[in-house]
>>> print(open('start.csv').read())   # CSV, C-alpha atoms
chain,number,residue,atom,x,y,z
A,1,MET,CA,109.4,109.3,87.7
A,2,PRO,CA,108.8,111.7,86.0
A,3,ASN,CA,108.6,109.5,83.0
A,4,VAL,CA,108.3,110.6,79.4
A,5,VAL,CA,107.1,108.5,76.4
A,6,ILE,CA,107.7,109.8,72.9
A,7,ASP,CA,105.8,108.2,70.0
A,8,GLY,CA,107.2,109.1,66.7
A,9,PRO,CA,108.5,107.7,63.4
A,10,ARG,CA,111.8,105.8,63.2
A,11,ILE,CA,115.0,107.7,64.1
A,12,GLU,CA,118.0,106.2,62.2
A,13,ASP,CA,120.8,107.9,64.0
A,14,VAL,CA,121.6,107.0,67.6
A,15,GLU,CA,123.3,110.4,68.1
A,16,VAL,CA,119.9,112.1,67.4
A,17,LYS,CA,118.3,110.0,70.1
A,18,ARG,CA,121.2,110.8,72.5
A,19,VAL,CA,120.7,114.6,72.0
A,20,LEU,CA,116.9,114.3,72.2
A,21,VAL,CA,116.8,112.5,75.5
A,22,LYS,CA,119.4,114.8,77.0
A,23,GLU,CA,117.5,117.9,76.0
A,24,ILE,CA,114.2,116.6,77.2
A,25,THR,CA,115.8,115.6,80.6
A,26,ASP,CA,117.3,119.1,80.9
A,27,ALA,CA,113.8,120.5,80.4
A,28,LEU,CA,112.3,118.1,82.9
A,29,GLU,CA,114.9,119.0,85.5
A,30,LYS,CA,114.1,122.7,85.2
A,31,ALA,CA,110.4,122.0,85.7
A,32,TYR,CA,110.4,119.3,88.4
A,33,LYS,CA,113.6,120.1,90.3
A,34,ILE,CA,114.1,116.4,91.2
A,35,ARG,CA,117.5,114.6,91.2
A,36,ARG,CA,118.5,113.8,87.6
A,37,GLU,CA,118.6,110.1,87.9
A,38,ALA,CA,114.8,110.0,88.4
A,39,TYR,CA,113.9,111.0,84.8
A,40,VAL,CA,113.2,108.2,82.4
A,41,VAL,CA,112.6,108.9,78.7
A,42,ILE,CA,111.3,106.1,76.4
A,43,ILE,CA,111.4,106.5,72.6
A,44,ARG,CA,108.9,104.5,70.7
A,45,GLU,CA,109.5,104.1,67.0
A,46,ASN,CA,106.4,103.4,64.9
A,47,PRO,CA,106.3,101.9,61.4
A,48,PRO,CA,104.5,104.1,58.9
A,49,GLU,CA,101.8,101.4,58.3
A,50,ASN,CA,100.8,101.7,62.0
A,51,VAL,CA,100.3,105.4,62.3
A,52,SER,CA,97.5,107.5,60.8
A,53,VAL,CA,97.1,111.3,60.6
A,54,GLY,CA,93.7,112.5,59.6
A,55,GLY,CA,92.5,109.0,59.0
A,56,ARG,CA,95.2,108.1,56.6
A,57,LEU,CA,98.1,105.7,57.2
A,58,LEU,CA,101.5,107.4,56.9
A,59,VAL,CA,102.5,104.6,54.5
A,60,ASP,CA,99.8,105.9,52.1
A,61,ARG,CA,100.7,109.5,52.3
A,62,ASN,CA,103.0,109.7,49.3
A,63,LYS,CA,100.4,108.1,47.1
A,64,THR,CA,98.0,110.3,45.1
B,1,MET,CA,95.4,115.6,69.4
B,2,PRO,CA,93.0,113.9,69.9
B,3,ASN,CA,95.3,110.9,69.9
B,4,VAL,CA,94.3,107.3,69.9
B,5,VAL,CA,96.5,104.3,70.8
B,6,ILE,CA,95.3,100.8,70.0
B,7,ASP,CA,97.0,97.8,71.7
B,8,GLY,CA,96.1,94.6,70.0
B,9,PRO,CA,97.6,91.4,68.4
B,10,ARG,CA,99.3,91.5,65.1
B,11,ILE,CA,97.2,92.6,62.0
B,12,GLU,CA,98.6,90.9,58.9
B,13,ASP,CA,96.8,92.9,56.2
B,14,VAL,CA,97.5,96.6,55.7
B,15,GLU,CA,94.1,97.0,54.2
B,16,VAL,CA,92.5,96.1,57.5
B,17,LYS,CA,94.6,98.7,59.3
B,18,ARG,CA,93.6,101.2,56.6
B,19,VAL,CA,89.9,100.7,57.2
B,20,LEU,CA,90.4,100.6,61.0
B,21,VAL,CA,92.1,104.0,61.3
B,22,LYS,CA,89.7,105.6,58.8
B,23,GLU,CA,86.6,104.4,60.8
B,24,ILE,CA,88.1,105.4,64.1
B,25,THR,CA,89.0,108.8,62.8
B,26,ASP,CA,85.4,109.1,61.5
B,27,ALA,CA,84.1,108.4,65.0
B,28,LEU,CA,86.5,110.9,66.5
B,29,GLU,CA,85.5,113.6,64.1
B,30,LYS,CA,81.8,113.2,65.1
B,31,ALA,CA,82.7,113.4,68.8
B,32,TYR,CA,85.3,116.2,68.9
B,33,LYS,CA,84.4,118.2,65.8
B,34,ILE,CA,88.0,119.3,65.2
B,35,ARG,CA,89.6,119.5,61.8
B,36,ARG,CA,90.4,116.0,60.5
B,37,GLU,CA,94.2,116.5,60.2
B,38,ALA,CA,94.4,116.7,64.0
B,39,TYR,CA,93.5,113.1,64.7
B,40,VAL,CA,96.4,110.7,65.2
B,41,VAL,CA,95.9,107.0,65.5
B,42,ILE,CA,98.7,104.6,66.5
B,43,ILE,CA,98.4,100.8,66.2
B,44,ARG,CA,100.6,98.8,68.5
B,45,GLU,CA,101.0,95.1,67.6
B,46,ASN,CA,101.9,92.9,70.5
B,47,PRO,CA,103.5,89.4,70.2
B,48,PRO,CA,101.4,86.7,72.0
B,49,GLU,CA,104.2,86.1,74.5
B,50,ASN,CA,103.9,89.7,75.8
B,51,VAL,CA,100.2,89.8,76.5
B,52,SER,CA,98.3,88.0,79.2
B,53,VAL,CA,94.6,87.8,79.8
B,54,GLY,CA,93.5,86.5,83.2
B,55,GLY,CA,97.1,85.9,84.2
B,56,ARG,CA,97.9,83.7,81.3
B,57,LEU,CA,100.1,84.6,78.3
B,58,LEU,CA,98.3,84.4,74.9
B,59,VAL,CA,101.1,82.2,73.7
B,60,ASP,CA,100.0,79.6,76.3
B,61,ARG,CA,96.3,79.8,75.5
B,62,ASN,CA,96.1,76.9,73.0
B,63,LYS,CA,97.9,74.6,75.4
B,64,THR,CA,95.8,72.4,77.7
C,1,MET,CA,92.4,93.3,74.7
C,2,PRO,CA,92.4,94.9,72.2
C,3,ASN,CA,92.5,98.1,74.3
C,4,VAL,CA,92.1,101.6,73.0
C,5,VAL,CA,93.1,104.8,74.9
C,6,ILE,CA,91.8,108.1,73.6
C,7,ASP,CA,93.5,111.3,74.7
C,8,GLY,CA,91.5,114.4,74.0
C,9,PRO,CA,90.0,117.5,75.5
C,10,ARG,CA,87.0,117.3,77.8
C,11,ILE,CA,83.7,115.9,76.4
C,12,GLU,CA,80.7,117.5,78.2
C,13,ASP,CA,78.0,115.2,77.0
C,14,VAL,CA,77.9,111.6,78.1
C,15,GLU,CA,75.8,110.7,75.0
C,16,VAL,CA,78.8,111.8,72.8
C,17,LYS,CA,81.0,109.4,74.7
C,18,ARG,CA,78.4,106.7,74.4
C,19,VAL,CA,78.4,107.0,70.6
C,20,LEU,CA,82.1,107.3,70.4
C,21,VAL,CA,83.0,104.1,72.3
C,22,LYS,CA,80.3,102.2,70.4
C,23,GLU,CA,81.6,103.3,67.0
C,24,ILE,CA,85.2,102.6,67.9
C,25,THR,CA,84.2,99.2,69.2
C,26,ASP,CA,82.4,98.5,66.0
C,27,ALA,CA,85.5,99.4,64.0
C,28,LEU,CA,87.7,97.2,66.2
C,29,GLU,CA,85.3,94.3,65.9
C,30,LYS,CA,85.6,94.4,62.1
C,31,ALA,CA,89.4,94.5,62.2
C,32,TYR,CA,90.2,92.0,64.9
C,33,LYS,CA,87.2,89.6,64.8
C,34,ILE,CA,87.3,88.8,68.5
C,35,ARG,CA,84.3,88.5,70.7
C,36,ARG,CA,82.8,92.0,71.5
C,37,GLU,CA,83.3,91.8,75.3
C,38,ALA,CA,87.1,91.8,74.8
C,39,TYR,CA,87.3,95.4,73.6
C,40,VAL,CA,88.1,98.1,76.2
C,41,VAL,CA,88.1,101.8,75.3
C,42,ILE,CA,89.3,104.4,77.8
C,43,ILE,CA,88.7,108.1,77.3
C,44,ARG,CA,91.1,110.5,78.9
C,45,GLU,CA,90.0,114.1,79.2
C,46,ASN,CA,92.9,116.5,79.4
C,47,PRO,CA,92.6,120.1,80.8
C,48,PRO,CA,93.8,122.8,78.3
C,49,GLU,CA,96.7,123.8,80.5
C,50,ASN,CA,98.1,120.3,80.2
C,51,VAL,CA,98.2,119.9,76.5
C,52,SER,CA,100.4,121.7,73.9
C,53,VAL,CA,100.3,121.7,70.2
C,54,GLY,CA,103.3,123.1,68.4
C,55,GLY,CA,104.9,124.0,71.7
C,56,ARG,CA,102.0,126.1,73.0
C,57,LEU,CA,99.6,125.2,75.7
C,58,LEU,CA,95.9,125.0,74.5
C,59,VAL,CA,95.0,127.4,77.4
C,60,ASP,CA,97.2,130.0,75.7
C,61,ARG,CA,95.8,129.5,72.2
C,62,ASN,CA,93.1,132.2,72.2
C,63,LYS,CA,95.6,134.8,73.4
C,64,THR,CA,97.3,136.9,70.8
D,1,MET,CA,90.0,96.2,82.3
D,2,PRO,CA,91.9,96.7,84.7
D,3,ASN,CA,94.8,96.9,82.2
D,4,VAL,CA,98.5,97.0,83.0
D,5,VAL,CA,101.3,98.0,80.8
D,6,ILE,CA,104.9,97.3,81.8
D,7,ASP,CA,107.7,99.1,80.1
D,8,GLY,CA,111.1,97.5,80.7
D,9,PRO,CA,114.2,96.1,79.0
D,10,ARG,CA,114.1,92.8,77.1
D,11,ILE,CA,113.2,89.6,78.9
D,12,GLU,CA,114.9,86.6,77.3
D,13,ASP,CA,113.0,83.8,79.0
D,14,VAL,CA,109.3,83.3,78.4
D,15,GLU,CA,109.1,81.5,81.7
D,16,VAL,CA,110.0,84.8,83.5
D,17,LYS,CA,107.2,86.5,81.6
D,18,ARG,CA,104.8,83.7,82.5
D,19,VAL,CA,105.5,84.1,86.2
D,20,LEU,CA,105.5,87.9,86.0
D,21,VAL,CA,102.0,88.3,84.5
D,22,LYS,CA,100.6,85.6,86.8
D,23,GLU,CA,101.9,87.4,89.9
D,24,ILE,CA,100.8,90.8,88.7
D,25,THR,CA,97.3,89.4,88.0
D,26,ASP,CA,97.2,87.8,91.4
D,27,ALA,CA,97.9,91.3,92.9
D,28,LEU,CA,95.3,92.9,90.8
D,29,GLU,CA,92.7,90.4,91.7
D,30,LYS,CA,93.2,91.1,95.4
D,31,ALA,CA,92.9,94.8,94.8
D,32,TYR,CA,90.0,95.1,92.4
D,33,LYS,CA,88.0,91.9,93.2
D,34,ILE,CA,86.8,91.5,89.6
D,35,ARG,CA,86.6,88.2,87.7
D,36,ARG,CA,90.1,87.0,86.7
D,37,GLU,CA,89.5,87.1,82.9
D,38,ALA,CA,89.1,90.9,83.0
D,39,TYR,CA,92.8,91.6,83.7
D,40,VAL,CA,95.1,92.3,80.8
D,41,VAL,CA,98.8,92.7,81.2
D,42,ILE,CA,101.0,93.9,78.3
D,43,ILE,CA,104.8,93.7,78.4
D,44,ARG,CA,106.7,96.2,76.3
D,45,GLU,CA,110.4,95.4,75.7
D,46,ASN,CA,112.5,98.4,74.9
D,47,PRO,CA,115.9,98.3,73.2
D,48,PRO,CA,118.6,100.1,75.2
D,49,GLU,CA,119.1,102.8,72.6
D,50,ASN,CA,115.5,103.9,73.1
D,51,VAL,CA,115.5,104.3,76.9
D,52,SER,CA,117.3,107.0,78.9
D,53,VAL,CA,117.7,107.3,82.7
D,54,GLY,CA,119.0,110.6,83.9
D,55,GLY,CA,119.4,111.9,80.4
D,56,ARG,CA,121.6,109.1,79.2
D,57,LEU,CA,120.7,106.3,76.9
D,58,LEU,CA,121.0,102.8,78.4
D,59,VAL,CA,123.2,101.8,75.4
D,60,ASP,CA,125.7,104.4,76.6
D,61,ARG,CA,125.7,103.3,80.2
D,62,ASN,CA,128.7,100.9,80.1
D,63,LYS,CA,130.8,103.5,78.4
D,64,THR,CA,133.1,105.7,80.6
E,1,MET,CA,112.4,102.0,84.7
E,2,PRO,CA,110.8,99.4,84.6
E,3,ASN,CA,107.6,101.4,84.8
E,4,VAL,CA,104.1,100.0,85.2
E,5,VAL,CA,100.9,101.8,84.5
E,6,ILE,CA,97.6,100.4,85.8
E,7,ASP,CA,94.3,101.6,84.3
E,8,GLY,CA,91.4,100.6,86.4
E,9,PRO,CA,88.3,101.9,88.2
E,10,ARG,CA,88.6,104.0,91.4
E,11,ILE,CA,90.2,102.4,94.5
E,12,GLU,CA,88.7,104.0,97.6
E,13,ASP,CA,91.1,102.7,100.2
E,14,VAL,CA,94.7,103.8,100.2
E,15,GLU,CA,95.7,100.6,102.0
E,16,VAL,CA,94.6,98.6,98.9
E,17,LYS,CA,96.8,100.8,96.7
E,18,ARG,CA,99.7,100.3,99.2
E,19,VAL,CA,99.5,96.5,99.0
E,20,LEU,CA,98.9,96.6,95.2
E,21,VAL,CA,102.0,98.6,94.4
E,22,LYS,CA,104.1,96.6,96.9
E,23,GLU,CA,103.1,93.2,95.4
E,24,ILE,CA,103.6,94.4,91.8
E,25,THR,CA,107.0,95.7,92.7
E,26,ASP,CA,107.9,92.4,94.3
E,27,ALA,CA,106.9,90.6,91.1
E,28,LEU,CA,108.9,93.1,89.0
E,29,GLU,CA,111.9,92.6,91.2
E,30,LYS,CA,111.9,88.8,90.6
E,31,ALA,CA,111.6,89.3,86.9
E,32,TYR,CA,114.0,92.1,86.2
E,33,LYS,CA,116.5,91.7,89.0
E,34,ILE,CA,117.2,95.5,89.1
E,35,ARG,CA,117.6,97.5,92.3
E,36,ARG,CA,114.2,98.1,93.9
E,37,GLU,CA,114.3,101.9,93.7
E,38,ALA,CA,114.1,101.7,89.9
E,39,TYR,CA,110.5,100.4,89.8
E,40,VAL,CA,107.8,103.0,89.3
E,41,VAL,CA,104.1,102.0,89.4
E,42,ILE,CA,101.4,104.5,88.5
E,43,ILE,CA,97.7,103.9,89.2
E,44,ARG,CA,95.2,105.6,87.0
E,45,GLU,CA,91.7,105.8,88.3
E,46,ASN,CA,89.1,106.1,85.5
E,47,PRO,CA,85.5,107.3,86.0
E,48,PRO,CA,82.8,104.9,84.8
E,49,GLU,CA,81.6,107.2,82.1
E,50,ASN,CA,85.1,107.2,80.5
E,51,VAL,CA,85.5,103.4,80.2
E,52,SER,CA,83.7,101.0,77.9
E,53,VAL,CA,83.8,97.2,77.7
E,54,GLY,CA,82.3,95.6,74.7
E,55,GLY,CA,81.2,99.0,73.3
E,56,ARG,CA,79.2,100.0,76.4
E,57,LEU,CA,80.2,102.6,79.0
E,58,LEU,CA,80.6,101.2,82.5
E,59,VAL,CA,78.2,103.9,83.7
E,60,ASP,CA,75.5,102.3,81.6
E,61,ARG,CA,76.1,98.7,82.7
E,62,ASN,CA,73.6,98.6,85.5
E,63,LYS,CA,70.9,99.8,83.2
E,64,THR,CA,68.7,97.3,81.4
F,1,MET,CA,102.6,113.1,65.9
F,2,PRO,CA,105.3,112.9,67.3
F,3,ASN,CA,103.4,112.8,70.6
F,4,VAL,CA,104.9,113.1,74.0
F,5,VAL,CA,103.3,112.1,77.3
F,6,ILE,CA,104.9,113.2,80.6
F,7,ASP,CA,103.8,111.5,83.8
F,8,GLY,CA,104.9,113.4,86.9
F,9,PRO,CA,103.7,114.9,90.1
F,10,ARG,CA,101.5,118.0,90.1
F,11,ILE,CA,102.9,121.2,88.7
F,12,GLU,CA,101.4,124.2,90.5
F,13,ASP,CA,102.5,127.0,88.2
F,14,VAL,CA,101.2,127.2,84.6
F,15,GLU,CA,104.3,129.2,83.6
F,16,VAL,CA,106.4,126.1,84.5
F,17,LYS,CA,104.2,124.0,82.2
F,18,ARG,CA,104.5,126.7,79.5
F,19,VAL,CA,108.3,126.6,79.5
F,20,LEU,CA,108.4,122.8,79.8
F,21,VAL,CA,106.3,122.1,76.7
F,22,LYS,CA,108.1,124.7,74.7
F,23,GLU,CA,111.5,123.3,75.5
F,24,ILE,CA,110.4,119.7,74.8
F,25,THR,CA,108.9,120.8,71.5
F,26,ASP,CA,112.2,122.6,70.6
F,27,ALA,CA,114.0,119.3,71.3
F,28,LEU,CA,111.6,117.3,69.2
F,29,GLU,CA,111.8,119.7,66.3
F,30,LYS,CA,115.6,119.3,66.2
F,31,ALA,CA,115.3,115.5,66.3
F,32,TYR,CA,112.4,114.9,63.9
F,33,LYS,CA,112.6,118.0,61.6
F,34,ILE,CA,108.8,118.0,61.0
F,35,ARG,CA,106.6,121.1,61.0
F,36,ARG,CA,106.1,122.5,64.5
F,37,GLU,CA,102.4,122.2,64.6
F,38,ALA,CA,102.7,118.4,64.5
F,39,TYR,CA,104.1,118.0,68.0
F,40,VAL,CA,101.7,117.3,70.8
F,41,VAL,CA,102.8,117.2,74.4
F,42,ILE,CA,100.5,116.0,77.2
F,43,ILE,CA,101.3,116.5,80.8
F,44,ARG,CA,99.7,114.1,83.3
F,45,GLU,CA,99.7,115.1,86.9
F,46,ASN,CA,99.5,112.2,89.3
F,47,PRO,CA,98.4,112.4,93.0
F,48,PRO,CA,101.0,111.1,95.5
F,49,GLU,CA,98.8,108.2,96.6
F,50,ASN,CA,98.8,106.9,93.0
F,51,VAL,CA,102.5,106.6,92.4
F,52,SER,CA,105.0,104.3,93.9
F,53,VAL,CA,108.8,104.2,93.6
F,54,GLY,CA,110.5,101.1,94.9
F,55,GLY,CA,107.2,99.6,96.0
F,56,ARG,CA,106.2,102.5,98.3
F,57,LEU,CA,103.6,105.1,97.6
F,58,LEU,CA,104.9,108.7,97.4
F,59,VAL,CA,102.2,109.7,100.0
F,60,ASP,CA,104.0,107.4,102.4
F,61,ARG,CA,107.5,108.7,101.7
F,62,ASN,CA,107.7,111.3,104.5
F,63,LYS,CA,106.7,108.7,107.1
F,64,THR,CA,109.4,106.8,108.9
>>> encode(input="start.csv", output="structure tokens")
Amino acid sequence: MPNVVIDGPRIEDVEVKRVLVKEITDALEKAYKIRREAYVVIIRENPPENVSVGGRLLVDRNKT
Amino acid sequence: MPNVVIDGPRIEDVEVKRVLVKEITDALEKAYKIRREAYVVIIRENPPENVSVGGRLLVDRNKT
Amino acid sequence: MPNVVIDGPRIEDVEVKRVLVKEITDALEKAYKIRREAYVVIIRENPPENVSVGGRLLVDRNKT
Amino acid sequence: MPNVVIDGPRIEDVEVKRVLVKEITDALEKAYKIRREAYVVIIRENPPENVSVGGRLLVDRNKT
Amino acid sequence: MPNVVIDGPRIEDVEVKRVLVKEITDALEKAYKIRREAYVVIIRENPPENVSVGGRLLVDRNKT
Amino acid sequence: MPNVVIDGPRIEDVEVKRVLVKEITDALEKAYKIRREAYVVIIRENPPENVSVGGRLLVDRNKT
């Protein structure tokens, strides 16, 4: 701890994940000033049929 | 925000998810009175070997 | 299970919470068709200095 | 409720999960003294490219 | 990681928490076989007006 | 969405929170390339008697 959980859509490119967790850990380190090994970041990738914004599934968003 | 996360078993039919997130968003809108686009609902579908009730995995429930 | 966690701002009125969890449970019951006692809903109330939207704390939103 | 969510790496063997949720439920029962059926434990298995410790993805850990 | 989050009612006695997190960590250690310092357990204590079971707030449970 | 939840110890200074959520949102924006208003970050502050590392509550850490 501190632990971070990110809920978002799928990220195709591992390099994007690599940069994301590094930058989030950098931000955590500035805020909490604990040894770096303590920070855990978990990325959750959610399929578009399992997420809604404003009551509408993401999978339905491109439909009229 | 407000954000809602639902942890349940698998839902086969997308139409069931569609109705579920709409009805939950309707309930949130009545409670929080924020613009509709702000509400995010995430459905998590959990395999029966990863959930236990009363100390017993769901996958073992049909066994004697 | 199914379990629901709602993350939102503070709700002052218990009656609002009462209606919210009832309506969400009604929606869950239609979707999952499990006995009613199985559904758990947890409301988390977050102080405005602990939530950001678009990179800005809610506590700072009314400031120019 | 009480509900427990475990975030960890993949567990290959269902028997390991079976023992884990039983022992956690035993511990919960001692602490909360509620009827056993009330305890729900959910195991989340996270792929090594979605978890970082100390700012580094687990998938990159074996690399120099 | 592995991380565990427990959502339950209030626990008055710190000694009960002490035993609970120790026993859960013992169970995790048997399952994941990772060094003991890696396991984080977080206890969340929820007020009875913020939790519902079966669509009814815990705070209303003792009422007829 | 994307949503981020941070579980850590208490942060006394609001300015530290302000910088933390801004930097995390900057990192998310680079990764997901969605409009900035979509990112929600929630900070959870946990008392030391509710968190354990390695099976030991943080509140007990300074004791021999």
>>> atom_distance(input="start.csv", atom1="CA of Val53 (chain E)", atom2="CA of Tyr39 (chain C)")
5.7 Å
>>> closest_atom_pairs(input="start.csv", of="chain A", to="chain D", cutoff="10 Å", atoms="only C-alpha atoms", output="tab-separated table")
residue	atom	partner	partner_atom	distance
A:Met1	CA	D:Val53	CA	9.9
A:Asn3	CA	D:Val53	CA	9.4
A:Val4	CA	D:Ser52	CA	9.7
A:Val5	CA	D:Val51	CA	9.4
A:Ile6	CA	D:Asn50	CA	9.8
A:Ile11	CA	D:Asn50	CA	9.8
A:Val14	CA	D:Glu49	CA	7.0
A:Glu15	CA	D:Glu49	CA	9.8
A:Lys17	CA	D:Asn50	CA	7.4
A:Arg18	CA	D:Leu57	CA	6.3
A:Val19	CA	D:Gly55	CA	8.9
A:Leu20	CA	D:Gly55	CA	8.9
A:Val21	CA	D:Gly55	CA	5.6
A:Lys22	CA	D:Gly55	CA	4.5
A:Glu23	CA	D:Gly55	CA	7.7
A:Ile24	CA	D:Gly55	CA	7.7
A:Thr25	CA	D:Gly55	CA	5.2
A:Asp26	CA	D:Gly55	CA	7.5
A:Leu28	CA	D:Gly55	CA	9.8
A:Glu29	CA	D:Gly54	CA	9.5
A:Arg35	CA	D:Gly54	CA	8.5
A:Arg36	CA	D:Gly54	CA	4.9
A:Glu37	CA	D:Gly54	CA	4.1
A:Ala38	CA	D:Gly54	CA	6.2
A:Tyr39	CA	D:Gly54	CA	5.2
A:Val40	CA	D:Val53	CA	4.6
A:Val41	CA	D:Ser52	CA	5.1
A:Ile42	CA	D:Val51	CA	4.6
A:Ile43	CA	D:Asn50	CA	4.9
A:Arg44	CA	D:Asn50	CA	7.0
A:Glu45	CA	D:Asn50	CA	8.6
>>> atom_distance(input="start.csv", atom1="CA of Tyr32 (chain D)", atom2="CA of Ile34 (chain C)")
24.9 Å
>>> atom_distance(input="start.csv", atom1="CA of Arg61 (chain D)", atom2="CA of Arg61 (chain F)")
28.7 Å
